[in-house]
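J.: Structure file protein_10.txt (compact mmCIF, C-alpha atoms) is given on the next line.
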# COMPACT_ATOMS: atom_id res chain seq x y z
CA MET A 143 -84.94 37.58 -28.25
CA ILE A 144 -82.62 34.65 -27.57
CA SER A 145 -80.54 33.86 -30.59
CA SER A 146 -80.31 30.37 -32.05
CA PHE A 147 -76.62 30.29 -30.99
CA THR A 148 -77.57 30.93 -27.37
CA ARG A 149 -80.18 28.22 -27.45
CA ALA A 150 -77.68 25.77 -28.94
CA ALA A 151 -74.90 26.53 -26.41
CA PRO A 152 -75.96 24.02 -23.69
CA ALA A 153 -76.10 21.22 -26.18
CA LEU A 154 -72.67 22.16 -27.51
CA ARG A 155 -71.21 22.22 -24.02
CA ARG A 156 -72.67 18.77 -23.29
CA THR A 157 -71.17 17.43 -26.50
CA THR A 158 -67.76 18.95 -25.66
CA ARG A 159 -67.83 17.46 -22.16
CA SER A 160 -68.66 14.07 -23.60
CA CYS A 161 -65.76 14.28 -26.04
CA LEU A 162 -63.38 15.31 -23.28
CA LEU A 163 -64.59 12.47 -21.06
CA ILE A 164 -64.11 9.97 -23.87
CA GLY A 165 -60.60 11.34 -24.49
CA VAL A 166 -59.61 11.11 -20.82
CA LEU A 167 -60.94 7.54 -20.60
CA ALA A 168 -59.03 6.57 -23.74
CA LEU A 169 -55.78 8.09 -22.42
CA SER A 170 -56.29 6.39 -19.07
CA SER A 171 -56.76 3.05 -20.81
CA LEU A 172 -53.60 3.61 -22.86
CA LEU A 173 -51.53 4.44 -19.77
CA SER A 174 -52.90 1.43 -17.96
CA ALA A 175 -51.88 -0.77 -20.86
CA CYS A 176 -48.36 0.71 -20.79
CA VAL A 177 -48.01 0.08 -17.08
CA SER A 178 -49.34 -3.45 -17.26
CA THR A 179 -47.27 -4.53 -20.26
CA GLY A 180 -44.22 -2.20 -20.06
CA PHE A 181 -40.60 -2.71 -18.83
CA ASN A 182 -40.15 -3.41 -15.11
CA LEU A 183 -36.68 -2.97 -13.59
CA ASN A 184 -37.46 -5.52 -10.91
CA GLN A 185 -37.89 -8.19 -13.55
CA ILE A 186 -34.43 -8.02 -15.18
CA ASP A 187 -33.31 -11.56 -15.93
CA THR A 188 -29.81 -12.13 -14.47
CA ARG A 189 -29.68 -15.91 -14.88
CA VAL A 190 -27.37 -15.76 -17.92
CA SER A 191 -23.86 -14.32 -17.53
CA ALA A 192 -21.45 -13.61 -20.41
CA LYS A 193 -18.11 -15.42 -20.42
CA ALA A 194 -16.37 -12.46 -22.09
CA GLN A 195 -16.00 -10.16 -19.09
CA GLU A 196 -13.46 -9.04 -16.51
CA SER A 197 -13.03 -6.47 -13.78
CA ARG A 198 -12.69 -2.85 -14.83
CA VAL A 199 -9.79 -2.64 -12.33
CA ARG A 200 -6.41 -3.25 -14.00
CA PHE A 201 -3.97 -1.56 -11.62
CA LEU A 202 -3.13 -1.51 -7.94
CA ILE A 203 -1.23 1.65 -6.99
CA LEU A 204 0.64 2.09 -3.69
CA HIS A 205 1.41 5.41 -2.01
CA TYR A 206 2.71 6.90 1.20
CA THR A 207 0.66 9.75 2.67
CA ALA A 208 3.55 12.02 3.80
CA LEU A 209 1.31 12.87 6.78
CA ASP A 210 0.55 11.50 10.22
CA HIS A 211 -2.43 9.23 10.88
CA ASP A 212 -5.04 11.84 11.76
CA LYS A 213 -4.09 14.25 8.96
CA SER A 214 -3.98 11.40 6.45
CA LEU A 215 -7.49 10.32 7.35
CA LYS A 216 -8.81 13.88 7.27
CA VAL A 217 -7.25 14.82 3.94
CA LEU A 218 -8.23 11.60 2.19
CA SER A 219 -11.82 11.73 3.41
CA GLU A 220 -12.57 15.46 3.26
CA GLN A 221 -10.50 16.99 0.47
CA ALA A 222 -10.20 16.63 -3.29
CA VAL A 223 -7.81 13.66 -3.07
CA SER A 224 -8.89 10.18 -2.02
CA ALA A 225 -7.92 6.52 -2.08
CA HIS A 226 -9.85 3.31 -1.80
CA TYR A 227 -7.90 2.22 1.28
CA LEU A 228 -5.76 3.77 4.01
CA VAL A 229 -3.47 1.59 6.15
CA SER A 230 -2.50 3.11 9.50
CA ASN A 231 0.92 2.92 11.15
CA GLU A 232 -0.36 1.86 14.56
CA ASP A 233 1.04 -1.15 16.45
CA LYS A 234 -2.06 -3.00 15.28
CA PRO A 235 -2.63 -1.41 11.86
CA ARG A 236 -6.14 -0.48 10.88
CA VAL A 237 -7.33 -0.60 7.29
CA TYR A 238 -9.91 2.03 6.34
CA GLN A 239 -11.99 1.66 3.20
CA LEU A 240 -12.67 5.23 2.10
CA VAL A 241 -13.99 4.63 -1.42
CA ASP A 242 -15.97 1.67 -2.71
CA GLU A 243 -13.93 -0.40 -5.18
CA ASN A 244 -16.66 0.05 -7.79
CA LYS A 245 -16.11 3.82 -7.69
CA MET A 246 -13.16 5.94 -8.83
CA ALA A 247 -10.84 7.48 -6.26
CA TYR A 248 -8.55 10.44 -6.93
CA HIS A 249 -5.09 9.16 -6.05
CA ALA A 250 -3.09 8.71 -9.27
CA GLY A 251 -3.42 12.10 -10.95
CA LEU A 252 -1.58 12.60 -14.23
CA SER A 253 -0.28 9.07 -14.76
CA SER A 254 0.60 6.42 -17.30
CA TRP A 255 1.93 2.88 -17.61
CA LYS A 256 2.60 1.07 -20.86
CA ASN A 257 -0.26 2.13 -23.16
CA TYR A 258 -2.60 3.20 -20.37
CA THR A 259 -3.11 6.76 -19.14
CA ALA A 260 -5.25 8.54 -16.54
CA LEU A 261 -5.08 5.54 -14.23
CA ASN A 262 -7.60 6.76 -11.66
CA ALA A 263 -10.35 5.25 -13.78
CA SER A 264 -8.80 1.76 -13.89
CA SER A 265 -7.02 1.40 -10.55
CA ILE A 266 -7.43 0.80 -6.85
CA GLY A 267 -5.29 3.01 -4.64
CA ILE A 268 -3.79 2.10 -1.26
CA GLU A 269 -2.41 4.94 0.84
CA ILE A 270 0.00 3.98 3.63
CA VAL A 271 0.51 6.28 6.62
CA ASN A 272 4.17 7.26 6.43
CA PHE A 273 5.95 10.62 6.61
CA GLY A 274 7.65 10.03 3.27
CA PHE A 275 10.87 12.00 3.50
CA GLU A 276 12.46 15.07 5.00
CA GLU A 277 14.99 17.38 3.42
CA THR A 278 18.45 17.31 5.04
CA PRO A 279 21.83 18.90 4.13
CA ASP A 280 22.70 15.52 2.59
CA GLY A 281 19.50 15.30 0.57
CA LYS A 282 16.21 13.52 1.15
CA ARG A 283 15.93 11.19 4.12
CA PHE A 284 13.12 8.67 3.66
CA PHE A 285 11.21 7.00 6.48
CA ALA A 286 10.91 3.23 6.92
CA PHE A 287 7.67 1.26 7.22
CA PRO A 288 6.86 -0.84 10.32
CA SER A 289 6.88 -4.56 9.56
CA GLN A 290 3.35 -5.08 10.88
CA GLN A 291 2.08 -2.31 8.61
CA ILE A 292 3.63 -3.96 5.57
CA ASP A 293 2.09 -7.28 6.63
CA ALA A 294 -1.34 -5.60 6.53
CA VAL A 295 -0.64 -3.98 3.16
CA ILE A 296 0.47 -7.29 1.62
CA MET A 297 -2.60 -9.10 2.94
CA LEU A 298 -4.86 -6.37 1.55
CA ALA A 299 -3.01 -6.25 -1.78
CA LYS A 300 -3.22 -10.03 -2.24
CA ASP A 301 -6.96 -9.95 -1.64
CA ILE A 302 -7.51 -7.11 -4.12
CA ALA A 303 -5.23 -8.60 -6.77
CA ALA A 304 -6.93 -12.00 -6.51
CA ARG A 305 -10.46 -10.63 -6.75
CA HIS A 306 -9.71 -8.37 -9.71
CA GLN A 307 -7.12 -10.64 -11.37
CA ILE A 308 -4.55 -7.82 -11.40
CA LYS A 309 -1.38 -8.84 -13.22
CA PRO A 310 1.97 -8.60 -11.36
CA GLU A 311 3.26 -6.05 -13.87
CA PHE A 312 0.32 -3.80 -12.94
CA VAL A 313 1.01 -3.62 -9.19
CA LEU A 314 2.90 -0.33 -9.02
CA GLY A 315 4.02 2.61 -6.96
CA HIS A 316 3.01 6.20 -7.53
CA SER A 317 6.60 6.91 -8.61
CA ASP A 318 6.29 4.27 -11.34
CA ILE A 319 3.25 5.87 -12.96
CA ALA A 320 4.32 9.49 -12.37
CA PRO A 321 8.15 9.48 -12.14
CA GLN A 322 8.53 13.16 -12.97
CA ARG A 323 6.64 14.35 -9.92
CA LYS A 324 6.29 11.55 -7.36
CA SER A 325 8.65 9.45 -5.21
CA ASP A 326 6.20 7.38 -3.19
CA PRO A 327 6.18 4.80 -1.78
CA GLY A 328 9.94 5.45 -1.71
CA PRO A 329 13.11 3.36 -1.45
CA TYR A 330 12.26 1.86 1.93
CA PHE A 331 9.12 0.26 0.62
CA PRO A 332 9.92 -3.50 0.58
CA TRP A 333 9.06 -4.38 -2.98
CA LYS A 334 10.96 -7.66 -2.71
CA ARG A 335 8.51 -8.85 -0.06
CA PHE A 336 5.76 -8.15 -2.57
CA ALA A 337 7.63 -10.27 -5.10
CA GLU A 338 7.95 -13.10 -2.58
CA ALA A 339 4.18 -12.86 -2.05
CA GLY A 340 3.66 -13.28 -5.80
CA LEU A 341 2.38 -9.72 -6.25
CA ILE A 342 5.04 -8.22 -8.55
CA LEU A 343 7.73 -9.22 -11.02
CA TRP A 344 11.32 -9.63 -9.78
CA PRO A 345 14.47 -10.27 -11.83
CA ASP A 346 16.24 -13.60 -11.38
CA GLU A 347 19.45 -12.92 -9.44
CA GLN A 348 21.60 -15.40 -11.36
CA LEU A 349 20.53 -13.98 -14.70
CA VAL A 350 21.18 -10.46 -13.41
CA ALA A 351 24.71 -11.46 -12.31
CA GLN A 352 25.46 -12.96 -15.73
CA GLN A 353 24.13 -9.93 -17.59
CA LYS A 354 25.88 -7.51 -15.24
CA ALA A 355 29.27 -9.03 -16.13
CA LEU A 356 28.54 -8.42 -19.81
CA PHE A 357 27.44 -4.84 -19.22
CA GLU A 358 30.50 -4.11 -17.12
CA ALA A 359 32.55 -4.84 -20.24
CA GLN A 360 30.29 -2.71 -22.44
CA LEU A 361 27.70 -0.44 -20.80
CA PRO A 362 24.55 0.20 -22.85
CA ASP A 363 24.02 3.74 -24.08
CA VAL A 364 21.22 6.14 -23.14
CA THR A 365 19.12 5.28 -26.19
CA TRP A 366 19.09 1.60 -25.19
CA MET A 367 18.16 2.52 -21.61
CA GLN A 368 15.31 4.79 -22.67
CA LYS A 369 13.85 2.15 -24.98
CA LYS A 370 14.07 -0.57 -22.31
CA LEU A 371 12.46 1.61 -19.64
CA ALA A 372 9.59 2.39 -22.01
CA GLU A 373 9.27 -1.29 -22.90
CA PHE A 374 9.00 -2.15 -19.21
CA GLY A 375 6.21 0.39 -18.78
CA TYR A 376 7.61 3.78 -17.79
CA ALA A 377 6.73 6.96 -19.68
CA THR A 378 10.28 7.72 -20.80
CA PRO A 379 11.72 10.43 -23.06
CA GLN A 380 13.32 9.07 -26.21
CA THR A 381 15.89 11.80 -26.65
CA GLY A 382 19.12 9.81 -26.64
CA LYS A 383 20.31 12.10 -23.83
CA LEU A 384 20.63 11.54 -20.09
CA ASP A 385 18.37 14.50 -19.38
CA PRO A 386 16.73 15.21 -15.98
CA GLU A 387 13.48 13.53 -17.06
CA THR A 388 15.29 10.32 -18.01
CA LYS A 389 17.22 10.37 -14.73
CA ASN A 390 13.91 10.65 -12.86
CA VAL A 391 12.65 7.51 -14.57
CA ILE A 392 15.88 5.62 -13.84
CA THR A 393 15.62 6.74 -10.20
CA ALA A 394 12.06 5.39 -9.96
CA PHE A 395 13.24 2.04 -11.36
CA GLN A 396 16.19 1.93 -8.97
CA MET A 397 14.06 2.77 -5.92
CA ARG A 398 11.91 -0.21 -6.78
CA TYR A 399 14.59 -2.78 -7.65
CA ARG A 400 17.92 -1.45 -6.32
CA PRO A 401 17.02 0.85 -3.38
CA ASN A 402 20.49 0.93 -1.84
CA LEU A 403 21.59 3.27 -4.66
CA PHE A 404 19.11 5.37 -6.62
CA ASP A 405 21.10 8.16 -8.23
CA GLY A 406 19.46 8.09 -11.66
CA ASN A 407 22.66 7.10 -13.44
CA ILE A 408 23.15 4.22 -15.85
CA ASP A 409 25.27 1.43 -14.40
CA ALA A 410 25.82 -2.24 -15.19
CA GLU A 411 23.58 -3.57 -12.40
CA THR A 412 20.62 -1.31 -13.21
CA ALA A 413 20.91 -2.14 -16.90
CA ALA A 414 21.18 -5.87 -16.15
CA MET A 415 18.04 -5.87 -14.02
CA LEU A 416 16.15 -4.00 -16.72
CA GLU A 417 17.39 -6.40 -19.40
CA VAL A 418 16.28 -9.46 -17.41
CA LEU A 419 12.87 -7.96 -16.61
CA THR A 420 12.16 -7.16 -20.25
CA ARG A 421 13.64 -10.33 -21.70
CA LYS A 422 11.06 -12.38 -23.55
CA ALA A 423 10.58 -15.95 -22.37
CA PRO A 424 11.93 -18.47 -24.90
CA GLN A 425 9.23 -19.93 -27.12
CA PRO A 426 9.09 -23.68 -27.91
CA ALA A 427 10.30 -24.61 -31.38
CA SER A 428 7.49 -24.97 -33.87
CA THR A 429 6.66 -28.53 -34.91
CA ALA A 430 4.85 -27.38 -38.03
CA GLY A 431 5.89 -29.51 -40.99
CA ALA A 432 7.76 -31.99 -38.82
CA LYS A 433 7.69 -35.57 -40.01
CA PRO A 434 5.84 -38.07 -37.81
Is it possible to express this structure as structure tokens?
T.:
Amino acid sequence: MISSFTRAAPALRRTTRSCLLIGVLALSSLLSACVSTGFNLNQIDTRVSAKAQESRVRFLILHYTALDHDKSLKVLSEQAVSAHYLVSNEDKPRVYQLVDENKMAYHAGLSSWKNYTALNASSIGIEIVNFGFEETPDGKRFFAFPSQQIDAVIMLAKDIAARHQIKPEFVLGHSDIAPQRKSDPGPYFPWKRFAEAGLILWPDEQLVAQQKALFEAQLPDVTWMQKKLAEFGYATPQTGKLDPETKNVITAFQMRYRPNLFDGNIDAETAAMLEVLTRKAPQPASTAGAKP
């Protein structure tokens, strides 16, 4: 005998299939509605642009590679270090772009300037093919840069600084942002040519001469020097002592602004240049409350 359940099974299966079909159709309709009325990346409206914006790039950092051309290119393109640009030392210098400016390159390492740290994320790095220095019985001997190579670097730097609105006080060497471990681009890098191109700050020579005469009569102490170096931008110990770390910072400053003598000692000329560079521009007298 066939049970009533067995007889009812086909009807139940038909009902189940109908319910499933209705459910599938309903889900299909819902998905179709989502696709037809949902968000489409190709339809982002870009006609309105906010005034409150600027480039993420704040710094331009200059280096020497301490390697020859081929090794420089290989290391910077295949290893864990990189830079946005590499400028060769050929008779007709080539400029390689190794990292897109919108991406971060690994050239600054542990670094700081003023209140900023970890500068890889906010900088563009230019590596310059140059052997750096060699150790001799008389100390380090640095290598000069060909004039045509510097011409190429200045042209590139001006273009980058203009496009990203990089301030002159933020165009720096690796030794400026990491004075305890780096010496590049070294004392033969012609920073004054960069100043003449409007790329960096440079102390007024007449003001330096006037201030130097004052400091020759009374040389500032270490505490003053440490505070001024920090004010200018260097990560500087505030120990009140002329310790090795402070001497490294003074050396970095001297290589940039007084490269004929960079011994890390405090002298009247170094102090005068630092004073002039950190001197605040005079502000106009307030006219508030003045009678017409």
J.: When distances are computed from all atoms listed in the file, which of A:Gln322, A:Ser191, A:Thr420, A:Thr412 shows the smallest separation from Leu252 in chain A?
T.: A:Gln322
J.: I'd like the interatomic distance between CA of Ala250 in chain A and CA of Ala286 in chain A, to a tenth of an Å.
T.: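 Between CA of Ala250 in chain A and CA of Ala286 in chain A the gap works out to 22.1 Å.
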J.: With all atoms listed in the file as the atoms that count, which of A:Pro327, A:Pro362, A:Pro321, A:Gly375 lies nearest to Lys389 in chain A?
T.: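 When distances to Lys389 in chain A are compared using all atoms listed in the file, the smallest one comes from A:Pro321.
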J.: So, counting all atoms listed in the file, which residue among A:Tyr330, A:Glu387, A:Ala394, A:Glu417 is closest to Trp366 in chain A?
T.: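 Residue with the minimum atom-to-atom distance to Trp366 in chain A: A:Glu417.
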J.: Any idea what's packed within 7 Å of range 332-341 of chain A, counting only C-alpha atoms, ignoring anything in its chain fewer than 3 positions away? Could you give it as a ChimeraX atom specification?
T.: /A:296,300,310,313,344,398
J.: List as number ranges by chain the protein and nucleic acid residues near range 258-271 of chain A, meaning an atom at most 6 Å away when all atoms listed in the file are counted, but skip any in the same chain fewer than 2 places from it.
T.: A: 199-207, 211, 225-231, 246, 250, 252-256
J.: Kindly give the distance, in Å, that separates CA of Ser317 in chain A and CA of Ser197 in chain A, rounded to a single decimal.
T.: 24.3 Å
J.: I'd like the interatomic distance between CA of Asn272 in chain A and CA of Phe331 in chain A, to a tenth of an Å.
T.: 10.4 Å
J.: Return the single residue from A:Pro235, A:Gly328, A:Gly406, A:Pro345 that is closest to Phe275 in chain A, with distances computed using all atoms listed in the file.
T.: A:Gly328
J.: Using all atoms listed in the file, which residue out of A:Ala303, A:Ala194, A:Met415, A:Ala222 lies closest to Asp346 in chain A?
T.: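 Residue with the minimum atom-to-atom distance to Asp346 in chain A: A:Met415.
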